[in-house]
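Engineer: Input upload.csv, format and content: CSV, C-alpha atoms.
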```csv
chain,number,residue,atom,x,y,z
A,1,MET,CA,93.7,169.2,7.6
A,2,GLU,CA,90.9,170.7,5.6
A,3,VAL,CA,87.7,168.7,5.6
A,4,VAL,CA,86.0,168.5,2.3
A,5,PRO,CA,82.2,168.9,2.5
A,6,ARG,CA,80.3,165.7,1.8
A,7,LYS,CA,78.3,167.2,-1.1
A,8,LYS,CA,81.5,168.2,-2.8
A,9,VAL,CA,82.9,164.7,-2.5
A,10,ILE,CA,79.7,163.2,-4.0
A,11,LEU,CA,79.8,165.8,-6.9
A,12,LEU,CA,83.5,165.0,-7.6
A,13,ALA,CA,82.7,161.3,-7.6
A,14,VAL,CA,79.8,161.7,-10.0
A,15,LEU,CA,81.9,163.9,-12.3
A,16,CYS,CA,84.7,161.3,-12.2
A,17,PHE,CA,82.4,158.4,-13.2
A,18,SER,CA,80.8,160.6,-15.8
A,19,PHE,CA,84.2,161.2,-17.5
A,20,LEU,CA,85.0,157.5,-17.2
A,21,GLY,CA,81.7,156.7,-18.8
A,22,VAL,CA,82.2,159.1,-21.6
A,23,GLY,CA,85.6,157.5,-22.3
A,24,VAL,CA,84.2,153.9,-22.4
A,25,ASP,CA,81.1,155.0,-24.4
A,26,GLY,CA,83.3,157.0,-26.7
A,27,ARG,CA,85.4,154.0,-27.5
A,28,ARG,CA,82.3,151.9,-28.0
A,29,ASN,CA,80.8,154.4,-30.3
A,30,THR,CA,84.0,154.7,-32.3
A,31,ALA,CA,84.2,150.9,-32.6
A,32,ALA,CA,80.5,150.7,-33.6
A,33,THR,CA,81.0,153.5,-36.2
A,34,GLU,CA,84.0,151.7,-37.7
A,35,LYS,CA,82.1,148.5,-38.0
A,36,ASP,CA,79.2,150.2,-39.6
A,37,LEU,CA,81.5,151.8,-42.1
A,38,ALA,CA,83.1,148.5,-42.9
A,39,VAL,CA,79.7,146.9,-43.3
A,40,GLU,CA,78.5,149.6,-45.6
A,41,LYS,CA,81.6,149.2,-47.7
A,42,LYS,CA,81.1,145.5,-47.9
A,43,LEU,CA,77.5,145.8,-48.9
A,44,LYS,CA,78.4,148.1,-51.8
A,45,LEU,CA,81.0,145.5,-52.9
A,46,LEU,CA,78.6,142.6,-52.7
A,47,ASN,CA,75.3,144.1,-54.1
A,48,LYS,CA,74.9,145.3,-57.7
A,49,PRO,CA,72.5,148.0,-58.8
A,50,ALA,CA,69.1,146.6,-59.4
A,51,VAL,CA,66.7,147.1,-62.3
A,52,LYS,CA,63.9,145.8,-60.2
A,53,THR,CA,63.6,144.7,-56.5
A,54,ILE,CA,61.3,142.0,-55.2
A,55,LYS,CA,60.6,141.5,-51.5
A,56,SER,CA,59.8,137.8,-50.8
A,57,GLU,CA,57.2,136.7,-48.2
A,58,ASP,CA,60.0,134.8,-46.5
A,59,GLY,CA,62.0,138.0,-45.8
A,60,ASP,CA,64.5,137.7,-48.6
A,61,ILE,CA,65.1,140.6,-51.0
A,62,ILE,CA,65.8,139.7,-54.6
A,63,ASP,CA,67.5,142.2,-56.9
A,64,CYS,CA,67.0,141.8,-60.6
A,65,VAL,CA,70.4,142.7,-62.1
A,66,ASP,CA,71.4,143.3,-65.7
A,67,ILE,CA,72.9,139.9,-66.8
A,68,TYR,CA,76.0,141.7,-68.2
A,69,LYS,CA,76.5,143.6,-64.9
A,70,GLN,CA,76.5,140.5,-62.6
A,71,PRO,CA,79.5,139.9,-60.3
A,72,ALA,CA,81.2,137.4,-62.6
A,73,PHE,CA,82.4,140.2,-64.9
A,74,ASP,CA,84.4,141.8,-62.1
A,75,HIS,CA,86.8,138.8,-62.5
A,76,PRO,CA,90.0,139.9,-64.3
A,77,LEU,CA,89.8,136.8,-66.5
A,78,LEU,CA,86.2,137.4,-67.5
A,79,LYS,CA,86.3,141.1,-68.6
A,80,ASN,CA,85.6,140.3,-72.3
A,81,HIS,CA,83.6,137.1,-71.7
A,82,THR,CA,80.7,136.3,-73.9
A,83,ILE,CA,77.8,134.7,-72.1
A,84,LYS,CA,76.5,131.3,-73.4
A,85,MET,CA,72.9,130.9,-72.4
A,86,ARG,CA,72.5,127.1,-72.7
A,87,PRO,CA,74.8,124.1,-73.2
A,88,SER,CA,74.3,121.8,-76.2
A,89,GLU,CA,71.1,119.8,-76.6
A,90,GLU,CA,73.2,116.6,-76.4
A,91,PHE,CA,73.8,117.7,-72.8
A,92,PHE,CA,70.1,117.5,-72.0
A,93,THR,CA,69.7,114.3,-74.0
A,94,LYS,CA,72.2,112.6,-71.7
A,95,LEU,CA,70.4,113.8,-68.6
A,96,ALA,CA,67.0,112.5,-69.9
A,97,GLU,CA,68.6,109.1,-70.6
A,98,ALA,CA,70.0,109.0,-67.0
A,99,TYR,CA,66.6,110.0,-65.5
A,100,PRO,CA,63.9,108.4,-67.7
A,101,ASN,CA,61.3,109.1,-65.0
A,102,SER,CA,61.9,112.8,-65.3
A,103,PRO,CA,62.9,114.0,-61.8
A,104,THR,CA,61.2,117.1,-60.5
A,105,ASP,CA,62.9,120.4,-61.0
A,106,MET,CA,63.8,122.8,-58.2
A,107,PRO,CA,60.7,123.7,-56.2
A,108,GLN,CA,59.4,127.1,-57.1
A,109,GLN,CA,61.1,129.7,-54.9
A,110,ALA,CA,58.9,131.9,-52.7
A,111,TRP,CA,60.0,135.3,-54.3
A,112,LEU,CA,58.4,134.3,-57.6
A,113,LYS,CA,55.0,134.7,-56.0
A,114,ARG,CA,55.6,138.4,-55.9
A,115,GLY,CA,56.8,138.8,-59.5
A,116,ARG,CA,59.5,137.9,-62.0
A,117,CYS,CA,62.7,139.5,-63.1
A,118,PRO,CA,62.5,141.5,-66.4
A,119,GLU,CA,64.0,140.0,-69.6
A,120,GLY,CA,67.8,140.4,-69.7
A,121,THR,CA,68.2,140.3,-65.9
A,122,ILE,CA,69.0,137.6,-63.3
A,123,PRO,CA,67.8,137.4,-59.7
A,124,ILE,CA,70.4,137.9,-57.0
A,125,LEU,CA,69.7,137.4,-53.3
A,126,ARG,CA,70.6,140.7,-51.7
A,127,VAL,CA,73.1,140.7,-48.8
A,128,GLN,CA,71.4,142.8,-46.1
A,129,LYS,CA,73.0,144.7,-43.3
A,130,HIS,CA,71.9,142.3,-40.6
A,131,HIS,CA,73.6,139.4,-42.5
A,132,LEU,CA,77.0,141.2,-42.0
A,133,LEU,CA,76.4,142.6,-38.5
A,134,ASN,CA,75.8,139.0,-37.3
A,135,THR,CA,78.7,137.3,-39.1
A,136,THR,CA,81.9,136.3,-37.3
A,137,SER,CA,84.2,137.8,-40.0
A,138,LEU,CA,83.6,140.4,-42.7
A,139,GLU,CA,86.9,139.4,-44.3
A,140,THR,CA,85.9,135.8,-45.0
A,141,TYR,CA,82.1,136.4,-45.4
A,142,GLY,CA,80.7,134.5,-48.4
A,143,ARG,CA,83.4,131.8,-48.4
A,144,LYS,CA,82.9,128.3,-47.2
A,145,PRO,CA,85.5,126.9,-44.9
A,146,SER,CA,87.2,124.5,-47.3
A,147,LEU,CA,86.9,120.8,-46.9
A,148,LYS,CA,90.6,119.8,-47.2
A,149,PHE,CA,91.7,116.2,-48.0
A,150,THR,CA,94.6,114.2,-46.6
A,151,LYS,CA,96.3,111.7,-48.9
A,152,HIS,CA,96.5,108.1,-47.9
A,153,GLU,CA,98.3,105.6,-50.1
A,154,ASN,CA,96.8,102.2,-51.1
A,155,LYS,CA,93.5,102.8,-49.3
A,156,SER,CA,91.3,102.8,-52.3
A,157,LEU,CA,89.7,99.9,-54.2
A,158,ASN,CA,90.1,101.7,-57.5
A,159,GLY,CA,93.1,103.9,-57.3
A,160,SER,CA,96.2,104.9,-55.4
A,161,TYR,CA,94.6,107.0,-52.7
A,162,PHE,CA,91.6,107.5,-50.4
A,163,PHE,CA,91.0,110.6,-48.3
A,164,SER,CA,90.1,111.8,-44.9
A,165,ALA,CA,88.5,115.2,-44.0
A,166,ASP,CA,90.4,117.7,-42.0
A,167,HIS,CA,89.9,118.2,-38.3
A,168,LEU,CA,87.2,120.9,-38.6
A,169,HIS,CA,84.8,118.9,-40.8
A,170,GLU,CA,83.0,115.6,-40.3
A,171,VAL,CA,81.6,114.0,-43.4
A,172,SER,CA,79.6,111.0,-44.5
A,173,THR,CA,79.9,110.5,-48.2
A,174,LEU,CA,79.7,108.2,-51.2
A,175,VAL,CA,83.0,108.3,-53.1
A,176,GLY,CA,83.8,108.1,-56.8
A,177,GLU,CA,87.5,108.2,-57.7
A,178,GLY,CA,90.1,106.7,-59.9
A,179,TYR,CA,88.9,108.2,-63.2
A,180,SER,CA,88.8,111.5,-65.1
A,181,TYR,CA,85.4,113.0,-64.5
A,182,ILE,CA,83.6,115.5,-66.6
A,183,GLY,CA,80.3,115.4,-64.7
A,184,ALA,CA,78.1,114.1,-61.9
A,185,THR,CA,74.5,114.1,-61.0
A,186,ALA,CA,72.2,113.1,-58.1
A,187,GLY,CA,68.9,113.5,-56.3
A,188,ILE,CA,69.5,115.1,-52.9
A,189,ASN,CA,66.9,114.6,-50.2
A,190,VAL,CA,66.1,117.9,-48.5
A,191,TRP,CA,65.8,118.4,-44.7
A,192,ASN,CA,66.3,121.2,-42.1
A,193,PRO,CA,68.8,119.8,-39.5
A,194,HIS,CA,69.5,121.5,-36.2
A,195,VAL,CA,72.6,123.7,-36.2
A,196,GLU,CA,74.0,124.4,-32.8
A,197,ALA,CA,76.1,127.6,-33.2
A,198,ASN,CA,76.0,130.4,-35.7
A,199,ASP,CA,79.5,129.7,-37.0
A,200,GLU,CA,78.7,126.0,-37.8
A,201,TYR,CA,76.9,124.6,-40.8
A,202,SER,CA,75.3,121.5,-42.1
A,203,ALA,CA,75.3,120.8,-45.9
A,204,SER,CA,74.2,118.0,-48.2
A,205,GLN,CA,75.9,118.2,-51.5
A,206,LEU,CA,77.4,117.0,-54.7
A,207,VAL,CA,81.2,117.8,-55.1
A,208,ILE,CA,83.6,117.5,-58.0
A,209,SER,CA,87.3,118.1,-57.0
A,210,ASN,CA,90.8,118.0,-58.4
A,211,GLY,CA,94.1,119.3,-57.2
A,212,PRO,CA,96.5,119.1,-54.3
A,213,PHE,CA,94.9,117.4,-51.4
A,214,GLY,CA,95.5,120.3,-49.0
A,215,ASP,CA,94.2,122.9,-51.4
A,216,PRO,CA,92.0,121.4,-54.1
A,217,ASP,CA,89.8,123.1,-56.7
A,218,THR,CA,86.1,122.3,-56.1
A,219,ILE,CA,82.7,122.9,-57.5
A,220,GLU,CA,79.6,122.1,-55.3
A,221,ALA,CA,75.9,122.1,-55.4
A,222,GLY,CA,73.3,121.2,-52.8
A,223,TRP,CA,71.5,122.7,-49.7
A,224,ILE,CA,72.9,124.2,-46.6
A,225,VAL,CA,71.9,125.5,-43.1
A,226,TYR,CA,74.5,128.2,-42.3
A,227,PRO,CA,73.5,131.0,-39.8
A,228,ASN,CA,76.8,132.8,-40.2
A,229,LEU,CA,76.1,133.4,-43.9
A,230,TYR,CA,72.3,134.1,-43.9
A,231,ASP,CA,71.5,135.0,-40.3
A,232,ASP,CA,68.9,132.3,-40.0
A,233,ARG,CA,68.5,128.6,-39.8
A,234,ALA,CA,66.6,128.0,-43.0
A,235,THR,CA,67.5,125.4,-45.5
A,236,ARG,CA,68.9,127.1,-48.6
A,237,PHE,CA,69.9,126.1,-52.1
A,238,TYR,CA,73.6,126.9,-52.8
A,239,LEU,CA,76.4,126.6,-55.3
A,240,HIS,CA,80.1,127.1,-54.2
A,241,TRP,CA,83.5,127.1,-55.9
A,242,SER,CA,87.0,127.2,-54.7
A,243,ALA,CA,90.4,127.4,-56.4
A,244,LYS,CA,93.9,127.0,-55.2
A,245,GLY,CA,95.1,130.0,-53.3
A,246,GLY,CA,91.9,130.9,-51.5
A,247,GLU,CA,89.7,132.0,-54.4
A,248,GLY,CA,86.0,131.2,-54.5
A,249,CYS,CA,82.7,131.8,-52.7
A,250,PHE,CA,79.1,130.9,-52.3
A,251,ASN,CA,76.7,131.7,-55.1
A,252,LEU,CA,77.4,135.1,-56.6
A,253,MET,CA,79.3,136.6,-53.6
A,254,CYS,CA,82.4,137.0,-55.6
A,255,PRO,CA,83.3,137.1,-59.3
A,256,GLY,CA,83.4,133.7,-60.9
A,257,PHE,CA,80.0,132.0,-61.6
A,258,VAL,CA,78.1,133.2,-64.6
A,259,GLN,CA,74.3,132.9,-64.0
A,260,THR,CA,72.0,132.6,-67.0
A,261,ASN,CA,68.7,131.5,-65.3
A,262,PRO,CA,66.1,134.2,-64.7
A,263,ASP,CA,64.0,132.2,-62.2
A,264,ILE,CA,66.4,130.7,-59.7
A,265,ALA,CA,68.0,132.8,-57.0
A,266,LEU,CA,71.1,131.2,-55.6
A,267,GLY,CA,70.9,131.1,-51.8
A,268,ALA,CA,67.1,131.3,-51.7
A,269,ILE,CA,65.1,129.3,-49.1
A,270,ILE,CA,63.9,125.8,-50.1
A,271,SER,CA,60.3,125.6,-48.9
A,272,ALA,CA,59.7,121.9,-49.6
A,273,ILE,CA,61.3,120.2,-46.5
A,274,SER,CA,61.1,116.4,-45.8
A,275,SER,CA,59.6,115.3,-42.4
A,276,GLU,CA,60.2,112.1,-40.4
A,277,GLY,CA,57.7,109.5,-41.5
A,278,GLY,CA,56.1,112.0,-43.9
A,279,PRO,CA,56.5,113.3,-47.4
A,280,GLN,CA,60.0,113.3,-48.8
A,281,TYR,CA,61.4,116.0,-51.1
A,282,GLN,CA,64.6,116.1,-53.2
A,283,ILE,CA,66.4,118.5,-55.5
A,284,ASN,CA,68.1,117.0,-58.6
A,285,LEU,CA,71.3,118.7,-59.4
A,286,THR,CA,74.0,118.1,-62.1
A,287,LEU,CA,77.5,119.5,-62.5
A,288,LEU,CA,78.7,118.8,-66.1
A,289,LYS,CA,81.4,120.0,-68.5
A,290,ASP,CA,80.2,121.7,-71.6
A,291,PHE,CA,80.3,119.1,-74.5
A,292,GLU,CA,80.9,121.7,-77.2
A,293,ASP,CA,83.3,124.3,-75.8
A,294,ASP,CA,85.0,122.3,-73.1
A,295,ASP,CA,85.6,125.5,-71.2
A,296,LYS,CA,82.6,125.7,-68.9
A,297,TRP,CA,81.3,123.7,-65.9
A,298,TRP,CA,77.5,123.9,-66.0
A,299,ALA,CA,75.2,123.7,-63.0
A,300,ILE,CA,71.8,122.2,-63.9
A,301,SER,CA,68.5,121.7,-62.0
A,302,GLY,CA,66.3,118.8,-62.9
A,303,THR,CA,66.7,117.5,-66.4
A,304,GLY,CA,66.8,120.8,-68.3
A,305,ASP,CA,67.0,123.9,-66.2
A,306,ALA,CA,70.4,125.4,-66.8
A,307,ILE,CA,71.4,127.7,-63.8
A,308,GLY,CA,74.7,128.9,-65.2
A,309,TYR,CA,78.3,128.0,-65.3
A,310,TRP,CA,81.9,128.4,-64.1
A,311,PRO,CA,84.3,129.3,-66.9
A,312,THR,CA,87.2,126.8,-66.6
A,313,ASN,CA,89.9,129.5,-66.8
A,314,ILE,CA,89.2,130.6,-63.2
A,315,PHE,CA,90.4,127.2,-62.0
A,316,LYS,CA,93.9,125.8,-61.8
A,317,SER,CA,93.5,122.1,-61.3
A,318,LEU,CA,89.8,121.8,-62.3
A,319,SER,CA,90.3,123.4,-65.7
A,320,LYS,CA,90.1,120.0,-67.5
A,321,VAL,CA,88.6,117.2,-65.4
A,322,GLY,CA,87.8,116.2,-61.8
A,323,GLU,CA,89.5,113.3,-60.1
A,324,LEU,CA,87.2,113.0,-57.1
A,325,VAL,CA,83.4,113.0,-56.8
A,326,LEU,CA,81.6,113.1,-53.4
A,327,PHE,CA,77.9,112.6,-52.7
A,328,GLY,CA,76.7,113.2,-49.1
A,329,GLY,CA,76.9,115.3,-46.0
A,330,ASP,CA,79.4,117.7,-44.4
A,331,VAL,CA,79.2,119.3,-40.9
A,332,PHE,CA,81.7,122.1,-40.1
A,333,SER,CA,82.5,123.5,-36.7
A,334,PRO,CA,85.6,125.6,-35.8
A,335,ARG,CA,85.5,123.8,-32.4
A,336,MET,CA,85.5,120.3,-33.9
A,337,LYS,CA,89.1,119.6,-32.8
A,338,GLN,CA,88.3,120.8,-29.2
A,339,GLN,CA,85.9,117.9,-28.5
A,340,PRO,CA,84.5,116.6,-26.3
A,341,PRO,CA,81.8,117.8,-26.1
A,342,HIS,CA,80.9,117.1,-29.7
A,343,THR,CA,78.7,119.6,-31.5
A,344,THR,CA,74.9,118.8,-31.6
A,345,THR,CA,74.7,120.1,-35.2
A,346,GLY,CA,72.9,117.4,-37.2
A,347,MET,CA,73.7,116.1,-40.6
A,348,GLY,CA,71.0,115.3,-43.2
A,349,SER,CA,67.8,114.7,-41.2
A,350,GLY,CA,69.7,114.5,-37.9
A,351,GLN,CA,69.2,110.7,-37.9
A,352,LEU,CA,71.9,108.1,-38.4
A,353,ALA,CA,71.9,106.2,-41.8
A,354,TYR,CA,70.4,102.9,-40.6
A,355,PHE,CA,66.9,104.5,-40.0
A,356,HIS,CA,66.6,104.5,-43.9
A,357,TRP,CA,63.6,105.7,-45.9
A,358,ARG,CA,61.5,108.6,-44.5
A,359,PHE,CA,63.8,109.0,-41.5
A,360,SER,CA,67.4,109.3,-42.8
A,361,CYS,CA,68.6,111.7,-45.5
A,362,PHE,CA,69.5,110.0,-48.8
A,363,ILE,CA,71.2,110.5,-52.2
A,364,LYS,CA,69.2,108.9,-55.0
A,365,GLN,CA,70.7,107.8,-58.3
A,366,PRO,CA,74.2,109.1,-57.9
A,367,ARG,CA,75.9,109.2,-61.3
A,368,ILE,CA,79.3,110.1,-62.6
A,369,MET,CA,80.4,110.8,-66.2
A,370,ASP,CA,83.8,110.2,-67.7
A,371,TYR,CA,85.0,110.7,-71.3
A,372,SER,CA,82.5,108.0,-72.5
A,373,LYS,CA,79.9,110.7,-72.0
A,374,THR,CA,77.6,108.2,-70.3
A,375,PHE,CA,76.3,108.6,-66.8
A,376,LYS,CA,77.3,105.6,-64.6
A,377,TYR,CA,77.1,104.5,-61.0
A,378,PRO,CA,80.2,105.8,-59.2
A,379,GLU,CA,83.1,103.4,-58.7
A,380,PRO,CA,84.3,102.1,-56.3
A,381,GLY,CA,81.1,103.2,-54.6
A,382,GLN,CA,82.7,103.1,-51.2
A,383,THR,CA,81.1,105.0,-48.3
A,384,PHE,CA,83.3,107.1,-46.0
A,385,SER,CA,82.4,108.5,-42.6
A,386,ASN,CA,85.2,109.9,-40.4
A,387,HIS,CA,83.2,109.6,-37.1
A,388,VAL,CA,80.5,106.9,-37.6
A,389,ASP,CA,79.0,107.3,-34.1
A,390,CYS,CA,78.2,110.9,-34.8
A,391,TYR,CA,77.4,110.7,-38.5
A,392,SER,CA,77.1,107.5,-40.5
A,393,GLY,CA,76.6,106.4,-44.1
A,394,GLU,CA,75.2,103.2,-45.7
A,395,ASN,CA,74.3,101.9,-49.2
A,396,TYR,CA,70.9,100.3,-48.7
A,397,ALA,CA,68.2,99.0,-51.1
A,398,ASP,CA,64.7,98.4,-49.7
A,399,ILE,CA,64.1,95.9,-52.5
A,400,ARG,CA,66.8,93.2,-53.2
A,401,PHE,CA,68.7,93.4,-56.4
A,402,THR,CA,67.7,97.1,-57.0
A,403,GLU,CA,70.1,100.0,-56.9
A,404,PRO,CA,70.7,101.2,-53.4
A,405,PHE,CA,70.1,104.7,-52.0
A,406,PHE,CA,73.1,106.2,-50.2
A,407,TYR,CA,71.7,107.0,-46.7
A,408,PHE,CA,73.7,109.3,-44.4
A,409,GLY,CA,73.5,111.6,-41.5
A,410,GLY,CA,73.4,111.8,-37.7
A,411,PRO,CA,72.6,113.9,-34.7
A,412,GLY,CA,76.2,114.8,-33.7
A,413,ARG,CA,76.6,114.5,-30.0
A,414,ASN,CA,74.8,111.5,-28.4
A,415,MET,CA,75.7,108.8,-25.9
A,416,TYR,CA,78.1,107.1,-28.3
A,417,CYS,CA,79.5,110.4,-29.6
A,418,PRO,CA,80.1,112.4,-26.4
```
Write the structure described by the file as structure tokens, please.

Structural biologist:
Amino acid sequence: MEVVPRKKVILLAVLCFSFLGVGVDGRRNTAATEKDLAVEKKLKLLNKPAVKTIKSEDGDIIDCVDIYKQPAFDHPLLKNHTIKMRPSEEFFTKLAEAYPNSPTDMPQQAWLKRGRCPEGTIPILRVQKHHLLNTTSLETYGRKPSLKFTKHENKSLNGSYFFSADHLHEVSTLVGEGYSYIGATAGINVWNPHVEANDEYSASQLVISNGPFGDPDTIEAGWIVYPNLYDDRATRFYLHWSAKGGEGCFNLMCPGFVQTNPDIALGAIISAISSEGGPQYQINLTLLKDFEDDDKWWAISGTGDAIGYWPTNIFKSLSKVGELVLFGGDVFSPRMKQQPPHTTTGMGSGQLAYFHWRFSCFIKQPRIMDYSKTFKYPEPGQTFSNHVDCYSGENYADIRFTEPFFYFGGPGRNMYCP
């Protein structure tokens, strides 16, 4: 038997491992290249050519895009759409009547310190490469995992149904239902809750909904902490819409919402954050049907800052009215149904509702509007929390016989919520 020299054996082994390494690295490089190509393709789809670019001190990049070249006009139903810059003045009169103390408008966004967008353009938060490289799915990027509702007969004080959230969401909310709604408004306390995993989120929001309980049309406004979308854990202002069949998205990440405001970038960081025992901040948001044309759902900041609108023809069930209004918090985790252990993602301030002012998150002056065109406190005004030991809700007034705040929130996992 021929004896192979030791040096030859070592050389053969090295060559063998080298070839194996090339094979593994080759596959890795191919996969990386394919992902890079997919990311670049998605970036071109999401970002529009900019007239001017502003780099914010908080790391965001704002593209000033021609108002007539914004993403909305890629929607097949909006090809010949004419932009309406503001709703009727009656619209703002009703808001001023609902808020005689003139709530503060949206806190100035950081990017405005570096400049403003030229006339005829709107600010759009640029989706950057690192946003997409760190998301769990390019295919569903920009879409909020929908909050589906389950029908329950004879559970409501004011109608024929109540609802429960699906098994991937936990909510604590003030409910308005039983009427035909053309608007809603509220002051939403702003916090920065802990979010445990990148694919989880915590939102505090105002929602108008209509349609099948498993697949409703919705419009939403509020704030959110969602690492999977923004690759950070900052509190950000957001709008969202969804329509039956899976349409819809955050902000301007798909065709649908028509922005008219030159100074508010959807998805931008909110810098004014409440602190426990310290200063409290809120954003006042309104979703309201256009009084004149009846074919637009407007999003308004404060008592007079129109952000833009959703044309009603992009909806199926929400084209006329809403049937359900929700004010409160929503925590999403794809592992929610696998508990225990429960996620440690917080809702609101991360404190349960009973801690109240300066510690728990709140909704102030929640209002709905029906065809009377008058803002009213929502009926039946019930609170709903589908896991009260994790996230709770409570109507509470510090002074007797005054209108209560709706307090909500919680830390997620704790000794009573394992």

Engineer: For a quick check of understanding, using all atoms listed in the file, which of A:Glu139, A:Asp36, A:Asp63, A:Asp199 has the smallest distance to Leu125 (chain A)?

Structural biologist: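 Residue with the minimum atom-to-atom distance to Leu125 (chain A): A:Asp63.
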
Engineer: For a test of reading the model, state the distance in Å between CA of Ala243 (chain A) and CA of Thr218 (chain A), rounded to one decimal.

Structural biologist: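 Interatomic distance, CA of Ala243 (chain A) to CA of Thr218 (chain A): 6.7 Å.
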
Engineer: Would you mind listing what lies within 8 Å of Ile368 (chain A) as a list of chain:residue names, with all atoms listed in the file counted and same-chain residues fewer than 2 positions away left out?

Structural biologist: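 My list of contacting residues is A:Gly176, A:Tyr181, A:Ile182, A:Gly183, A:Ala184, A:Thr185, A:Val325, A:Pro366, A:Asp370, A:Phe375, A:Lys376, A:Tyr377, A:Pro378.
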
Engineer: Quick one: everything within 7 Å of region 304-317 of chain A, counting only C-alpha atoms, minus sequence neighbours fewer than 4 positions away in the same chain. Send it as a list in words.

Structural biologist: Arg86, Phe92, Asn210, Gly211, Asp217, Ala243, Lys244, Gly256, Phe257, Val258, Gln259, Thr260, Asn261, Asp295, Lys296, Trp297, Trp298, Ala299 and Ile300 of chain A

Engineer: How far is it from CA of Ser372 (chain A) to CA of Gly178 (chain A), in Å with one decimal?

Structural biologist: 14.8 Å

Engineer: How many Å separate CA of Gln70 (chain A) from CA of Thr53 (chain A)?

Structural biologist: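 Computing it gives 14.9 Å between the two atoms.
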
Engineer: Counting only C-alpha atoms, what is within 9 Å of region 334-347 of chain A, bar same-chain residues fewer than 4 positions away, as number ranges by chain?

Structural biologist: A: 167-172, 193-197, 199-204, 329-330, 351-352, 361, 390-391, 408-414, 417-418

Engineer: Kindly indicate which residue among A:Gly381, A:Gly222, A:Gly248, A:Pro404 lies nearest to Trp357 (chain A), using all atoms listed in the file for the distances.

Structural biologist: A:Pro404

Engineer: Pick the closest to Asp389 (chain A) from A:Tyr68, A:Tyr416, A:Tyr179, A:Phe406: which is it, counting all atoms listed in the file?

Structural biologist: A:Tyr416

Engineer: Taking all atoms listed in the file into account, name the residue in A:Ala353, A:Phe237, A:Met369, A:Pro262 that is nearest to Val388 (chain A).

Structural biologist: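 Smallest separation from Val388 (chain A) among the options: A:Ala353.
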
Engineer: For Leu174 (chain A), list every protein, DNA or RNA residue within 8 Å, evaluated using all atoms listed in the file, and leave out those in the same chain fewer than 3 positions away; present the list as JSON, numbers by chain.

Structural biologist: {"A": [326, 327, 328, 381, 382, 383, 384, 393, 406]}

Engineer: Using all atoms listed in the file for the distances, tell me which of A:Ile264, A:Val127, A:Val331, A:Cys254 is nearest to Ile224 (chain A).

Structural biologist: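 Closest candidate: A:Val331.
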
Engineer: Show me, as an mmCIF file with C-alpha atoms, in the coordinates of the input, the residues that have an atom within 9 Å of Val39 (chain A) when counting all atoms listed in the file, minus same-chain residues fewer than 3 positions from it.

Structural biologist:
```
data_model
loop_
_atom_site.group_PDB
_atom_site.id
_atom_site.type_symbol
_atom_site.label_atom_id
_atom_site.label_comp_id
_atom_site.auth_asym_id
_atom_site.auth_seq_id
_atom_site.Cartn_x
_atom_site.Cartn_y
_atom_site.Cartn_z
ATOM 1 C CA GLU A 34 84.000 151.700 -37.700
ATOM 2 C CA LYS A 35 82.100 148.500 -38.000
ATOM 3 C CA ASP A 36 79.200 150.200 -39.600
ATOM 4 C CA LYS A 42 81.100 145.500 -47.900
ATOM 5 C CA LEU A 43 77.500 145.800 -48.900
ATOM 6 C CA LYS A 44 78.400 148.100 -51.800
ATOM 7 C CA LYS A 129 73.000 144.700 -43.300
ATOM 8 C CA LEU A 132 77.000 141.200 -42.000
ATOM 9 C CA LEU A 133 76.400 142.600 -38.500
ATOM 10 C CA LEU A 138 83.600 140.400 -42.700
#
```

Engineer: Name the closest residue to Phe213 (chain A) among the candidates A:Asp290, A:Glu40, A:Glu379, A:Glu323; distances are taken between atoms, counting only C-alpha atoms.

Structural biologist: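 Using only C-alpha atoms, the shortest distance to Phe213 (chain A) belongs to A:Glu323.
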
Engineer: Add whatever atoms are absent from region 180-185 of chain A to reach N, CA, C and O atoms, and provide the output as a PDB file, keeping the file's coordinate frame.

Structural biologist:
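This went into rebuild38.pdb:
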```pdb
ATOM      1  N   SER A 180      88.878 110.057 -64.707  1.00  0.00           N
ATOM      2  CA  SER A 180      88.800 111.500 -65.100  1.00  0.00           C
ATOM      3  C   SER A 180      87.323 111.803 -65.280  1.00  0.00           C
ATOM      4  O   SER A 180      86.691 111.251 -66.188  1.00  0.00           O
ATOM      5  N   TYR A 181      86.791 112.708 -64.450  1.00  0.00           N
ATOM      6  CA  TYR A 181      85.400 113.000 -64.500  1.00  0.00           C
ATOM      7  C   TYR A 181      85.058 114.305 -65.151  1.00  0.00           C
ATOM      8  O   TYR A 181      85.710 115.319 -64.897  1.00  0.00           O
ATOM      9  N   ILE A 182      84.015 114.254 -66.013  1.00  0.00           N
ATOM     10  CA  ILE A 182      83.600 115.500 -66.600  1.00  0.00           C
ATOM     11  C   ILE A 182      82.145 115.845 -66.164  1.00  0.00           C
ATOM     12  O   ILE A 182      81.544 116.793 -66.673  1.00  0.00           O
ATOM     13  N   GLY A 183      81.637 115.093 -65.194  1.00  0.00           N
ATOM     14  CA  GLY A 183      80.300 115.400 -64.700  1.00  0.00           C
ATOM     15  C   GLY A 183      79.856 114.492 -63.591  1.00  0.00           C
ATOM     16  O   GLY A 183      80.430 113.421 -63.367  1.00  0.00           O
ATOM     17  N   ALA A 184      78.793 114.911 -62.906  1.00  0.00           N
ATOM     18  CA  ALA A 184      78.100 114.100 -61.900  1.00  0.00           C
ATOM     19  C   ALA A 184      76.737 114.632 -61.662  1.00  0.00           C
ATOM     20  O   ALA A 184      76.470 115.821 -61.889  1.00  0.00           O
ATOM     21  N   THR A 185      75.849 113.746 -61.210  1.00  0.00           N
ATOM     22  CA  THR A 185      74.500 114.100 -61.000  1.00  0.00           C
ATOM     23  C   THR A 185      73.873 113.298 -59.854  1.00  0.00           C
ATOM     24  O   THR A 185      74.342 112.187 -59.593  1.00  0.00           O
TER      25      THR A 185
END
```
